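Text of the file work-v1.txt, holding compact mmCIF, N, CA and C atoms:
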```txt
# COMPACT_ATOMS: atom_id res chain seq x y z
N MET A 1 -7.00 1.16 -23.62
CA MET A 1 -6.84 1.06 -22.19
C MET A 1 -5.76 2.04 -21.74
N LYS A 2 -5.99 2.68 -20.64
CA LYS A 2 -5.06 3.64 -20.08
C LYS A 2 -3.81 2.92 -19.56
N ILE A 3 -2.63 3.48 -19.87
CA ILE A 3 -1.37 2.93 -19.38
C ILE A 3 -1.14 3.48 -17.96
N LEU A 4 -0.88 2.57 -17.02
CA LEU A 4 -0.66 2.98 -15.63
C LEU A 4 0.80 3.35 -15.42
N PHE A 5 1.06 4.48 -14.77
CA PHE A 5 2.42 4.93 -14.49
C PHE A 5 3.00 4.19 -13.29
N HIS A 6 4.17 3.63 -13.48
CA HIS A 6 4.96 3.03 -12.40
C HIS A 6 6.36 3.61 -12.52
N PRO A 7 6.86 4.28 -11.47
CA PRO A 7 8.22 4.82 -11.60
C PRO A 7 9.26 3.71 -11.72
N GLU A 8 10.31 3.97 -12.48
CA GLU A 8 11.44 3.05 -12.55
C GLU A 8 12.08 3.00 -11.17
N ARG A 9 12.77 1.90 -10.87
CA ARG A 9 13.41 1.74 -9.56
C ARG A 9 14.27 2.96 -9.22
N LYS A 10 15.07 3.41 -10.16
CA LYS A 10 15.99 4.52 -9.90
C LYS A 10 15.26 5.84 -9.64
N ASP A 11 14.01 5.93 -10.04
CA ASP A 11 13.23 7.16 -9.90
C ASP A 11 12.35 7.19 -8.65
N ILE A 12 12.34 6.11 -7.88
CA ILE A 12 11.54 6.09 -6.65
C ILE A 12 12.19 7.01 -5.63
N GLN A 13 11.43 7.97 -5.14
CA GLN A 13 11.94 8.99 -4.22
C GLN A 13 11.51 8.70 -2.78
N LEU A 14 12.41 8.91 -1.84
CA LEU A 14 12.13 8.66 -0.43
C LEU A 14 10.94 9.49 0.05
N ALA A 15 10.90 10.76 -0.30
CA ALA A 15 9.80 11.62 0.16
C ALA A 15 8.45 11.10 -0.33
N SER A 16 8.38 10.63 -1.57
CA SER A 16 7.13 10.10 -2.12
C SER A 16 6.71 8.82 -1.41
N VAL A 17 7.68 7.95 -1.14
CA VAL A 17 7.39 6.70 -0.45
C VAL A 17 6.91 7.00 0.97
N LEU A 18 7.60 7.88 1.67
CA LEU A 18 7.19 8.22 3.04
C LEU A 18 5.81 8.85 3.07
N TYR A 19 5.52 9.71 2.09
CA TYR A 19 4.18 10.30 2.01
C TYR A 19 3.14 9.20 1.80
N ALA A 20 3.41 8.29 0.88
CA ALA A 20 2.45 7.20 0.59
C ALA A 20 2.23 6.33 1.81
N LEU A 21 3.27 6.14 2.62
CA LEU A 21 3.17 5.29 3.81
C LEU A 21 2.65 6.04 5.03
N SER A 22 2.35 7.32 4.89
CA SER A 22 1.94 8.13 6.05
C SER A 22 0.45 8.04 6.37
N ASP A 23 -0.32 7.38 5.54
CA ASP A 23 -1.77 7.30 5.75
C ASP A 23 -2.15 5.93 6.31
N PRO A 24 -2.99 5.89 7.36
CA PRO A 24 -3.38 4.61 7.95
C PRO A 24 -4.09 3.65 6.99
N ILE A 25 -4.89 4.18 6.08
CA ILE A 25 -5.57 3.33 5.09
C ILE A 25 -4.54 2.68 4.17
N ARG A 26 -3.59 3.47 3.68
CA ARG A 26 -2.56 2.92 2.80
C ARG A 26 -1.68 1.93 3.54
N LEU A 27 -1.38 2.19 4.81
CA LEU A 27 -0.62 1.22 5.61
C LEU A 27 -1.38 -0.09 5.73
N SER A 28 -2.68 0.01 5.93
CA SER A 28 -3.52 -1.19 6.01
C SER A 28 -3.47 -1.98 4.71
N ILE A 29 -3.50 -1.28 3.59
CA ILE A 29 -3.45 -1.93 2.28
C ILE A 29 -2.14 -2.66 2.09
N ILE A 30 -1.02 -1.99 2.38
CA ILE A 30 0.26 -2.66 2.14
C ILE A 30 0.50 -3.77 3.15
N SER A 31 -0.04 -3.64 4.36
CA SER A 31 0.06 -4.72 5.34
C SER A 31 -0.70 -5.95 4.85
N ASP A 32 -1.90 -5.73 4.31
CA ASP A 32 -2.69 -6.83 3.74
C ASP A 32 -1.94 -7.52 2.59
N ILE A 33 -1.32 -6.73 1.73
CA ILE A 33 -0.59 -7.31 0.61
C ILE A 33 0.61 -8.09 1.12
N LYS A 34 1.32 -7.53 2.08
CA LYS A 34 2.50 -8.23 2.63
C LYS A 34 2.09 -9.57 3.25
N ASN A 35 0.97 -9.57 3.98
CA ASN A 35 0.54 -10.78 4.67
C ASN A 35 -0.15 -11.80 3.76
N ASN A 36 -0.81 -11.33 2.70
CA ASN A 36 -1.63 -12.23 1.87
C ASN A 36 -1.22 -12.31 0.41
N GLY A 37 -0.20 -11.56 0.00
CA GLY A 37 0.22 -11.57 -1.39
C GLY A 37 -0.63 -10.65 -2.25
N GLU A 38 -0.42 -10.74 -3.55
CA GLU A 38 -1.13 -9.89 -4.51
C GLU A 38 -2.64 -10.00 -4.32
N GLN A 39 -3.31 -8.84 -4.37
CA GLN A 39 -4.76 -8.82 -4.17
C GLN A 39 -5.43 -7.84 -5.12
N ALA A 40 -6.68 -8.10 -5.42
CA ALA A 40 -7.49 -7.17 -6.20
C ALA A 40 -7.90 -6.00 -5.31
N CYS A 41 -8.05 -4.84 -5.92
CA CYS A 41 -8.42 -3.64 -5.17
C CYS A 41 -9.69 -3.84 -4.33
N ASN A 42 -10.65 -4.59 -4.86
CA ASN A 42 -11.92 -4.74 -4.15
C ASN A 42 -11.84 -5.72 -2.98
N CYS A 43 -10.68 -6.30 -2.72
CA CYS A 43 -10.53 -7.27 -1.63
C CYS A 43 -10.12 -6.64 -0.30
N PHE A 44 -9.77 -5.37 -0.31
CA PHE A 44 -9.29 -4.73 0.91
C PHE A 44 -10.47 -4.31 1.80
N ASN A 45 -10.37 -4.65 3.07
CA ASN A 45 -11.41 -4.32 4.03
C ASN A 45 -11.05 -2.98 4.69
N VAL A 46 -11.38 -1.90 4.00
CA VAL A 46 -11.08 -0.56 4.51
C VAL A 46 -12.36 0.27 4.52
N PRO A 47 -12.50 1.16 5.51
CA PRO A 47 -13.75 1.93 5.66
C PRO A 47 -13.79 3.19 4.80
N VAL A 48 -13.58 3.03 3.48
CA VAL A 48 -13.62 4.17 2.58
C VAL A 48 -14.42 3.80 1.33
N ALA A 49 -14.86 4.83 0.62
CA ALA A 49 -15.59 4.63 -0.63
C ALA A 49 -14.66 4.06 -1.70
N LYS A 50 -15.24 3.44 -2.71
CA LYS A 50 -14.48 2.83 -3.79
C LYS A 50 -13.57 3.86 -4.47
N SER A 51 -14.09 5.07 -4.67
CA SER A 51 -13.28 6.11 -5.33
C SER A 51 -12.10 6.53 -4.46
N THR A 52 -12.30 6.56 -3.15
CA THR A 52 -11.21 6.90 -2.24
C THR A 52 -10.17 5.79 -2.21
N LEU A 53 -10.61 4.55 -2.25
CA LEU A 53 -9.68 3.42 -2.32
C LEU A 53 -8.85 3.50 -3.60
N SER A 54 -9.47 3.87 -4.71
CA SER A 54 -8.75 4.03 -5.96
C SER A 54 -7.68 5.11 -5.83
N HIS A 55 -8.01 6.20 -5.15
CA HIS A 55 -7.05 7.27 -4.92
C HIS A 55 -5.85 6.75 -4.12
N HIS A 56 -6.12 5.99 -3.06
CA HIS A 56 -5.04 5.44 -2.23
C HIS A 56 -4.17 4.48 -3.05
N ALA A 57 -4.78 3.65 -3.87
CA ALA A 57 -4.03 2.72 -4.71
C ALA A 57 -3.15 3.48 -5.70
N ARG A 58 -3.68 4.54 -6.27
CA ARG A 58 -2.90 5.35 -7.20
C ARG A 58 -1.73 6.03 -6.50
N THR A 59 -1.95 6.54 -5.30
CA THR A 59 -0.87 7.17 -4.54
C THR A 59 0.25 6.18 -4.27
N LEU A 60 -0.11 4.96 -3.86
CA LEU A 60 0.90 3.93 -3.60
C LEU A 60 1.64 3.54 -4.89
N ARG A 61 0.90 3.42 -5.99
CA ARG A 61 1.51 3.05 -7.27
C ARG A 61 2.46 4.13 -7.77
N GLU A 62 2.03 5.38 -7.76
CA GLU A 62 2.85 6.46 -8.29
C GLU A 62 4.07 6.74 -7.42
N ALA A 63 4.02 6.36 -6.14
CA ALA A 63 5.18 6.50 -5.26
C ALA A 63 6.17 5.36 -5.46
N GLY A 64 5.73 4.27 -6.09
CA GLY A 64 6.60 3.13 -6.31
C GLY A 64 6.50 2.07 -5.23
N VAL A 65 5.47 2.14 -4.40
CA VAL A 65 5.30 1.18 -3.30
C VAL A 65 4.63 -0.10 -3.80
N VAL A 66 3.67 0.03 -4.71
CA VAL A 66 2.98 -1.14 -5.24
C VAL A 66 3.06 -1.16 -6.76
N TYR A 67 2.87 -2.35 -7.30
CA TYR A 67 2.75 -2.53 -8.74
C TYR A 67 1.30 -2.91 -9.01
N THR A 68 0.67 -2.26 -9.97
CA THR A 68 -0.71 -2.56 -10.33
C THR A 68 -0.74 -3.28 -11.67
N ARG A 69 -1.34 -4.46 -11.65
CA ARG A 69 -1.47 -5.28 -12.85
C ARG A 69 -2.95 -5.38 -13.20
N VAL A 70 -3.29 -5.08 -14.44
CA VAL A 70 -4.67 -5.17 -14.89
C VAL A 70 -4.94 -6.59 -15.35
N GLN A 71 -6.00 -7.17 -14.79
CA GLN A 71 -6.42 -8.53 -15.18
C GLN A 71 -7.92 -8.45 -15.44
N GLY A 72 -8.29 -8.34 -16.70
CA GLY A 72 -9.69 -8.16 -17.05
C GLY A 72 -10.17 -6.82 -16.50
N THR A 73 -11.20 -6.88 -15.65
CA THR A 73 -11.70 -5.65 -15.04
C THR A 73 -11.10 -5.39 -13.66
N GLN A 74 -10.25 -6.31 -13.21
CA GLN A 74 -9.63 -6.19 -11.89
C GLN A 74 -8.30 -5.46 -11.97
N ARG A 75 -7.97 -4.78 -10.88
CA ARG A 75 -6.64 -4.19 -10.70
C ARG A 75 -6.00 -4.95 -9.56
N MET A 76 -4.94 -5.67 -9.87
CA MET A 76 -4.25 -6.49 -8.88
C MET A 76 -3.05 -5.72 -8.34
N LEU A 77 -2.95 -5.60 -7.02
CA LEU A 77 -1.86 -4.86 -6.39
C LEU A 77 -0.87 -5.82 -5.75
N SER A 78 0.42 -5.55 -5.96
CA SER A 78 1.48 -6.30 -5.30
C SER A 78 2.54 -5.31 -4.83
N LEU A 79 3.23 -5.68 -3.75
CA LEU A 79 4.29 -4.82 -3.22
C LEU A 79 5.52 -4.87 -4.11
N ARG A 80 6.18 -3.75 -4.24
CA ARG A 80 7.46 -3.69 -4.96
C ARG A 80 8.60 -3.83 -3.96
N THR A 81 8.56 -4.90 -3.21
CA THR A 81 9.51 -5.12 -2.12
C THR A 81 10.95 -5.07 -2.61
N GLU A 82 11.25 -5.77 -3.68
CA GLU A 82 12.63 -5.81 -4.19
C GLU A 82 13.12 -4.41 -4.56
N ASP A 83 12.29 -3.65 -5.26
CA ASP A 83 12.68 -2.29 -5.65
C ASP A 83 12.86 -1.39 -4.44
N LEU A 84 11.94 -1.47 -3.48
CA LEU A 84 12.05 -0.62 -2.29
C LEU A 84 13.26 -0.99 -1.45
N ASN A 85 13.53 -2.29 -1.32
CA ASN A 85 14.70 -2.71 -0.54
C ASN A 85 16.00 -2.33 -1.23
N ALA A 86 16.01 -2.30 -2.54
CA ALA A 86 17.21 -1.86 -3.27
C ALA A 86 17.45 -0.37 -3.07
N ARG A 87 16.38 0.41 -3.08
CA ARG A 87 16.51 1.87 -2.93
C ARG A 87 16.69 2.29 -1.48
N PHE A 88 15.90 1.70 -0.58
CA PHE A 88 15.88 2.10 0.83
C PHE A 88 15.88 0.84 1.70
N PRO A 89 17.03 0.22 1.88
CA PRO A 89 17.10 -1.06 2.60
C PRO A 89 16.46 -0.99 3.99
N GLY A 90 15.56 -1.93 4.25
CA GLY A 90 14.93 -2.06 5.55
C GLY A 90 13.76 -1.13 5.81
N LEU A 91 13.52 -0.15 4.95
CA LEU A 91 12.45 0.83 5.21
C LEU A 91 11.08 0.17 5.28
N LEU A 92 10.74 -0.61 4.28
CA LEU A 92 9.41 -1.22 4.23
C LEU A 92 9.19 -2.15 5.42
N ASP A 93 10.17 -2.98 5.74
CA ASP A 93 10.04 -3.88 6.88
C ASP A 93 9.88 -3.12 8.19
N SER A 94 10.64 -2.03 8.35
CA SER A 94 10.55 -1.23 9.58
C SER A 94 9.17 -0.58 9.73
N VAL A 95 8.69 -0.01 8.64
CA VAL A 95 7.38 0.66 8.69
C VAL A 95 6.28 -0.35 8.95
N LEU A 96 6.31 -1.48 8.27
CA LEU A 96 5.26 -2.49 8.46
C LEU A 96 5.34 -3.12 9.85
N SER A 97 6.53 -3.32 10.38
CA SER A 97 6.67 -3.86 11.74
C SER A 97 6.09 -2.90 12.76
N ALA A 98 6.39 -1.62 12.60
CA ALA A 98 5.85 -0.60 13.51
C ALA A 98 4.32 -0.52 13.39
N TYR A 99 3.82 -0.62 12.17
CA TYR A 99 2.38 -0.59 11.94
C TYR A 99 1.70 -1.76 12.63
N GLU A 100 2.24 -2.95 12.47
CA GLU A 100 1.64 -4.15 13.07
C GLU A 100 1.61 -4.05 14.60
N VAL A 101 2.67 -3.53 15.19
CA VAL A 101 2.75 -3.41 16.65
C VAL A 101 1.75 -2.37 17.17
N ASN A 102 1.58 -1.30 16.42
CA ASN A 102 0.75 -0.18 16.88
C ASN A 102 -0.63 -0.13 16.24
N LYS A 103 -1.01 -1.18 15.51
CA LYS A 103 -2.30 -1.20 14.82
C LYS A 103 -3.43 -1.00 15.82
N GLN A 104 -4.36 -0.12 15.47
CA GLN A 104 -5.50 0.18 16.32
C GLN A 104 -6.54 -0.92 16.18
N PRO A 105 -7.29 -1.23 17.26
CA PRO A 105 -8.37 -2.20 17.12
C PRO A 105 -9.42 -1.68 16.15
N ALA A 106 -10.17 -2.59 15.57
CA ALA A 106 -11.21 -2.22 14.61
C ALA A 106 -12.20 -1.24 15.24
N LEU A 107 -12.75 -0.38 14.42
CA LEU A 107 -13.73 0.59 14.90
C LEU A 107 -14.91 -0.13 15.55
N GLY A 108 -15.36 0.39 16.67
CA GLY A 108 -16.53 -0.19 17.32
C GLY A 108 -16.18 -1.30 18.28
N THR A 109 -14.91 -1.63 18.44
CA THR A 109 -14.51 -2.66 19.39
C THR A 109 -13.61 -2.05 20.43
N GLU A 110 -13.59 -2.64 21.58
CA GLU A 110 -12.71 -2.16 22.64
C GLU A 110 -11.58 -3.15 22.83
N ALA A 111 -10.43 -2.61 23.23
CA ALA A 111 -9.30 -3.49 23.51
C ALA A 111 -9.62 -4.34 24.73
N GLU A 112 -9.16 -5.59 24.70
CA GLU A 112 -9.42 -6.48 25.82
C GLU A 112 -8.78 -5.96 27.08
N GLY A 113 -9.47 -6.11 28.18
CA GLY A 113 -8.91 -5.75 29.46
C GLY A 113 -8.93 -4.26 29.77
N SER A 114 -9.51 -3.44 28.91
CA SER A 114 -9.53 -2.03 29.22
C SER A 114 -10.67 -1.72 30.18
N SER A 115 -10.38 -0.85 31.10
CA SER A 115 -11.42 -0.45 32.06
C SER A 115 -11.27 1.04 32.31
N ASP A 116 -12.39 1.68 32.55
CA ASP A 116 -12.39 3.14 32.78
C ASP A 116 -12.67 3.42 34.22
```
In structure tokens, write the structure found in this file.
Amino acid sequence: MKILFHPERKDIQLASVLYALSDPIRLSIISDIKNNGEQACNCFNVPVAKSTLSHHARTLREAGVVYTRVQGTQRMLSLRTEDLNARFPGLLDSVLSAYEVNKQPALGTEAEGSSD
């Protein structure tokens, strides 16, 4: 079995974390994990192919944002909240709070009360 790379806490870089958090799909993934706890990769409701989702999960893992645990054939993702807060206090909470406030409505739906 392939060993998955997870950076040590001291090796987590701000630029890598910010890059990982700069994509709306990845923000959606970490928001889901924050709200629902550890989840399998196939549980995320994102509009991308399975291979693209794997790429996003790898980007988050290699940046030090998530920890990936192999359980049978599943890859379980959890946030590295403690490590991120130790390295960059308040960053994760700030980014997720801003994401939740500015989250776009689902594709194909209109915001309530909008009129043209």
**OP:** Could you check which of A:Leu79, A:Val95, A:Cys43, A:Ile33 is closest to Gly64 (chain A), using only N, CA and C atoms?
**Re:**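 Closest residue, counting only N, CA and C atoms: A:Leu79.
Residue nearest Gln39 (chain A), chosen from A:His6, A:Arg26, A:Arg61, A:Arg75 and counting only N, CA and C atoms: A:Arg75.
Here atom N of Ser28 (chain A) is placed at a distance of 10.2 Å from atom C of Ala98 (chain A).
Of note, atom N of Pro24 (chain A) and atom N of Glu62 (chain A) are spaced 15.9 Å apart.
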Would you list, as an mmCIF file with N, CA and C atoms, in the frame of the given file, the residues of region 32-81 of chain A that end up in helix (DSSP H, G or I) under DSSP run on this structure's backbone?
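So the final result, stored in part30.cif, reads:
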```cif
data_model
loop_
_atom_site.group_PDB
_atom_site.id
_atom_site.type_symbol
_atom_site.label_atom_id
_atom_site.label_comp_id
_atom_site.auth_asym_id
_atom_site.auth_seq_id
_atom_site.Cartn_x
_atom_site.Cartn_y
_atom_site.Cartn_z
ATOM 1 N N ASP A 32 -1.900 -5.730 4.310
ATOM 2 C CA ASP A 32 -2.690 -6.830 3.740
ATOM 3 C C ASP A 32 -1.940 -7.520 2.590
ATOM 4 N N ILE A 33 -1.320 -6.730 1.730
ATOM 5 C CA ILE A 33 -0.590 -7.310 0.610
ATOM 6 C C ILE A 33 0.610 -8.090 1.120
ATOM 7 N N LYS A 34 1.320 -7.530 2.080
ATOM 8 C CA LYS A 34 2.500 -8.230 2.630
ATOM 9 C C LYS A 34 2.090 -9.570 3.250
ATOM 10 N N ASN A 35 0.970 -9.570 3.980
ATOM 11 C CA ASN A 35 0.540 -10.780 4.670
ATOM 12 C C ASN A 35 -0.150 -11.800 3.760
ATOM 13 N N ASN A 36 -0.810 -11.330 2.700
ATOM 14 C CA ASN A 36 -1.630 -12.230 1.870
ATOM 15 C C ASN A 36 -1.220 -12.310 0.410
ATOM 16 N N CYS A 41 -8.050 -4.840 -5.920
ATOM 17 C CA CYS A 41 -8.420 -3.640 -5.170
ATOM 18 C C CYS A 41 -9.690 -3.840 -4.330
ATOM 19 N N ASN A 42 -10.650 -4.590 -4.860
ATOM 20 C CA ASN A 42 -11.920 -4.740 -4.150
ATOM 21 C C ASN A 42 -11.840 -5.720 -2.980
ATOM 22 N N CYS A 43 -10.680 -6.300 -2.720
ATOM 23 C CA CYS A 43 -10.530 -7.270 -1.630
ATOM 24 C C CYS A 43 -10.120 -6.640 -0.300
ATOM 25 N N LYS A 50 -15.240 3.440 -2.710
ATOM 26 C CA LYS A 50 -14.480 2.830 -3.790
ATOM 27 C C LYS A 50 -13.570 3.860 -4.470
ATOM 28 N N SER A 51 -14.090 5.070 -4.670
ATOM 29 C CA SER A 51 -13.280 6.110 -5.330
ATOM 30 C C SER A 51 -12.100 6.530 -4.460
ATOM 31 N N THR A 52 -12.300 6.560 -3.150
ATOM 32 C CA THR A 52 -11.210 6.900 -2.240
ATOM 33 C C THR A 52 -10.170 5.790 -2.210
ATOM 34 N N LEU A 53 -10.610 4.550 -2.250
ATOM 35 C CA LEU A 53 -9.680 3.420 -2.320
ATOM 36 C C LEU A 53 -8.850 3.500 -3.600
ATOM 37 N N SER A 54 -9.470 3.870 -4.710
ATOM 38 C CA SER A 54 -8.750 4.030 -5.960
ATOM 39 C C SER A 54 -7.680 5.110 -5.830
ATOM 40 N N HIS A 55 -8.010 6.200 -5.150
ATOM 41 C CA HIS A 55 -7.050 7.270 -4.920
ATOM 42 C C HIS A 55 -5.850 6.750 -4.120
ATOM 43 N N HIS A 56 -6.120 5.990 -3.060
ATOM 44 C CA HIS A 56 -5.040 5.440 -2.230
ATOM 45 C C HIS A 56 -4.170 4.480 -3.050
ATOM 46 N N ALA A 57 -4.780 3.650 -3.870
ATOM 47 C CA ALA A 57 -4.030 2.720 -4.710
ATOM 48 C C ALA A 57 -3.150 3.480 -5.700
ATOM 49 N N ARG A 58 -3.680 4.540 -6.270
ATOM 50 C CA ARG A 58 -2.900 5.350 -7.200
ATOM 51 C C ARG A 58 -1.730 6.030 -6.500
ATOM 52 N N THR A 59 -1.950 6.540 -5.300
ATOM 53 C CA THR A 59 -0.870 7.170 -4.540
ATOM 54 C C THR A 59 0.250 6.180 -4.270
ATOM 55 N N LEU A 60 -0.110 4.960 -3.860
ATOM 56 C CA LEU A 60 0.900 3.930 -3.600
ATOM 57 C C LEU A 60 1.640 3.540 -4.890
ATOM 58 N N ARG A 61 0.900 3.420 -5.990
ATOM 59 C CA ARG A 61 1.510 3.050 -7.270
ATOM 60 C C ARG A 61 2.460 4.130 -7.770
ATOM 61 N N GLU A 62 2.030 5.380 -7.760
ATOM 62 C CA GLU A 62 2.850 6.460 -8.290
ATOM 63 C C GLU A 62 4.070 6.740 -7.420
ATOM 64 N N ALA A 63 4.020 6.360 -6.140
ATOM 65 C CA ALA A 63 5.180 6.500 -5.260
ATOM 66 C C ALA A 63 6.170 5.360 -5.460
ATOM 67 N N THR A 81 8.560 -4.900 -3.210
ATOM 68 C CA THR A 81 9.510 -5.120 -2.120
ATOM 69 C C THR A 81 10.950 -5.070 -2.610
#
```
Subject >> Using only N, CA and C atoms: which of A:Gln71, A:Ser22, A:Asp83, A:Thr59 has the shortest distance to Glu8 (chain A) >> reply: A:Asp83
**OP:** Would you please give, as a list in words, all residues of region 12-103 of chain A that DSSP assigns to strand (DSSP E or B) based on the backbone?
**Re:** Gln39, Ala40, Val66, Tyr67, Thr68, Arg69, Val70, Gln71, Gln74, Arg75, Met76, Leu77, Ser78 and Leu79 of chain A
Only N, CA and C atoms, please: the residues just picked out, written as a compact mmCIF listing (two decimals), in the frame of the given file.
```
# COMPACT_ATOMS: atom_id res chain seq x y z
N GLN A 39 -3.31 -8.84 -4.37
CA GLN A 39 -4.76 -8.82 -4.17
C GLN A 39 -5.43 -7.84 -5.12
N ALA A 40 -6.68 -8.10 -5.42
CA ALA A 40 -7.49 -7.17 -6.20
C ALA A 40 -7.90 -6.00 -5.31
N VAL A 66 3.67 0.03 -4.71
CA VAL A 66 2.98 -1.14 -5.24
C VAL A 66 3.06 -1.16 -6.76
N TYR A 67 2.87 -2.35 -7.30
CA TYR A 67 2.75 -2.53 -8.74
C TYR A 67 1.30 -2.91 -9.01
N THR A 68 0.67 -2.26 -9.97
CA THR A 68 -0.71 -2.56 -10.33
C THR A 68 -0.74 -3.28 -11.67
N ARG A 69 -1.34 -4.46 -11.65
CA ARG A 69 -1.47 -5.28 -12.85
C ARG A 69 -2.95 -5.38 -13.20
N VAL A 70 -3.29 -5.08 -14.44
CA VAL A 70 -4.67 -5.17 -14.89
C VAL A 70 -4.94 -6.59 -15.35
N GLN A 71 -6.00 -7.17 -14.79
CA GLN A 71 -6.42 -8.53 -15.18
C GLN A 71 -7.92 -8.45 -15.44
N GLN A 74 -10.25 -6.31 -13.21
CA GLN A 74 -9.63 -6.19 -11.89
C GLN A 74 -8.30 -5.46 -11.97
N ARG A 75 -7.97 -4.78 -10.88
CA ARG A 75 -6.64 -4.19 -10.70
C ARG A 75 -6.00 -4.95 -9.56
N MET A 76 -4.94 -5.67 -9.87
CA MET A 76 -4.25 -6.49 -8.88
C MET A 76 -3.05 -5.72 -8.34
N LEU A 77 -2.95 -5.60 -7.02
CA LEU A 77 -1.86 -4.86 -6.39
C LEU A 77 -0.87 -5.82 -5.75
N SER A 78 0.42 -5.55 -5.96
CA SER A 78 1.48 -6.30 -5.30
C SER A 78 2.54 -5.31 -4.83
N LEU A 79 3.23 -5.68 -3.75
CA LEU A 79 4.29 -4.82 -3.22
C LEU A 79 5.52 -4.87 -4.11
```
Original post:
Taking into account only C-alpha atoms, which residue in the set A:Ser16, A:Ser97, A:Asn42, A:Thr81 is nearest to Ser54 (chain A)?
Top reply: A:Asn42
**OP:** Point out the residue among A:Leu96, A:Leu84, A:Val48, A:Ala57 with the least atom-to-atom distance to Arg69 (chain A), counting only C-alpha atoms.
**Re:**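 Answer, going by the shortest atom-to-atom distance: A:Ala57.
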**OP:** Could you check which of A:Ala86, A:Ile25, A:Val17, A:Val70 is closest to His56 (chain A), using all atoms listed in the file?
**Re:** A:Ile25
Subject >> Between CA of Ala20 (chain A) and atom N of Ala40 (chain A) - distance in Å to one decimal >> reply: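 Those two atoms sit 18.8 Å apart.
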Set up a box along x, y and z of the file covering all listed atoms of region 3-18 of chain A, add 6 Å on every one of the six sides, and write the centre and edge lengths in Å to one decimal, as AutoDock Vina command-line options.
```
--center_x 6.7 --center_y 6.7 --center_z -8.4 --size_x 30.6 --size_y 21.9 --size_z 34.9
```
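Once Val65 (chain A) and its same-chain neighbours fewer than 5 positions away are set aside, Leu60, Ser78, Leu79 and Arg80 of chain A remain within 6 Å of it when counting all atoms listed in the file.
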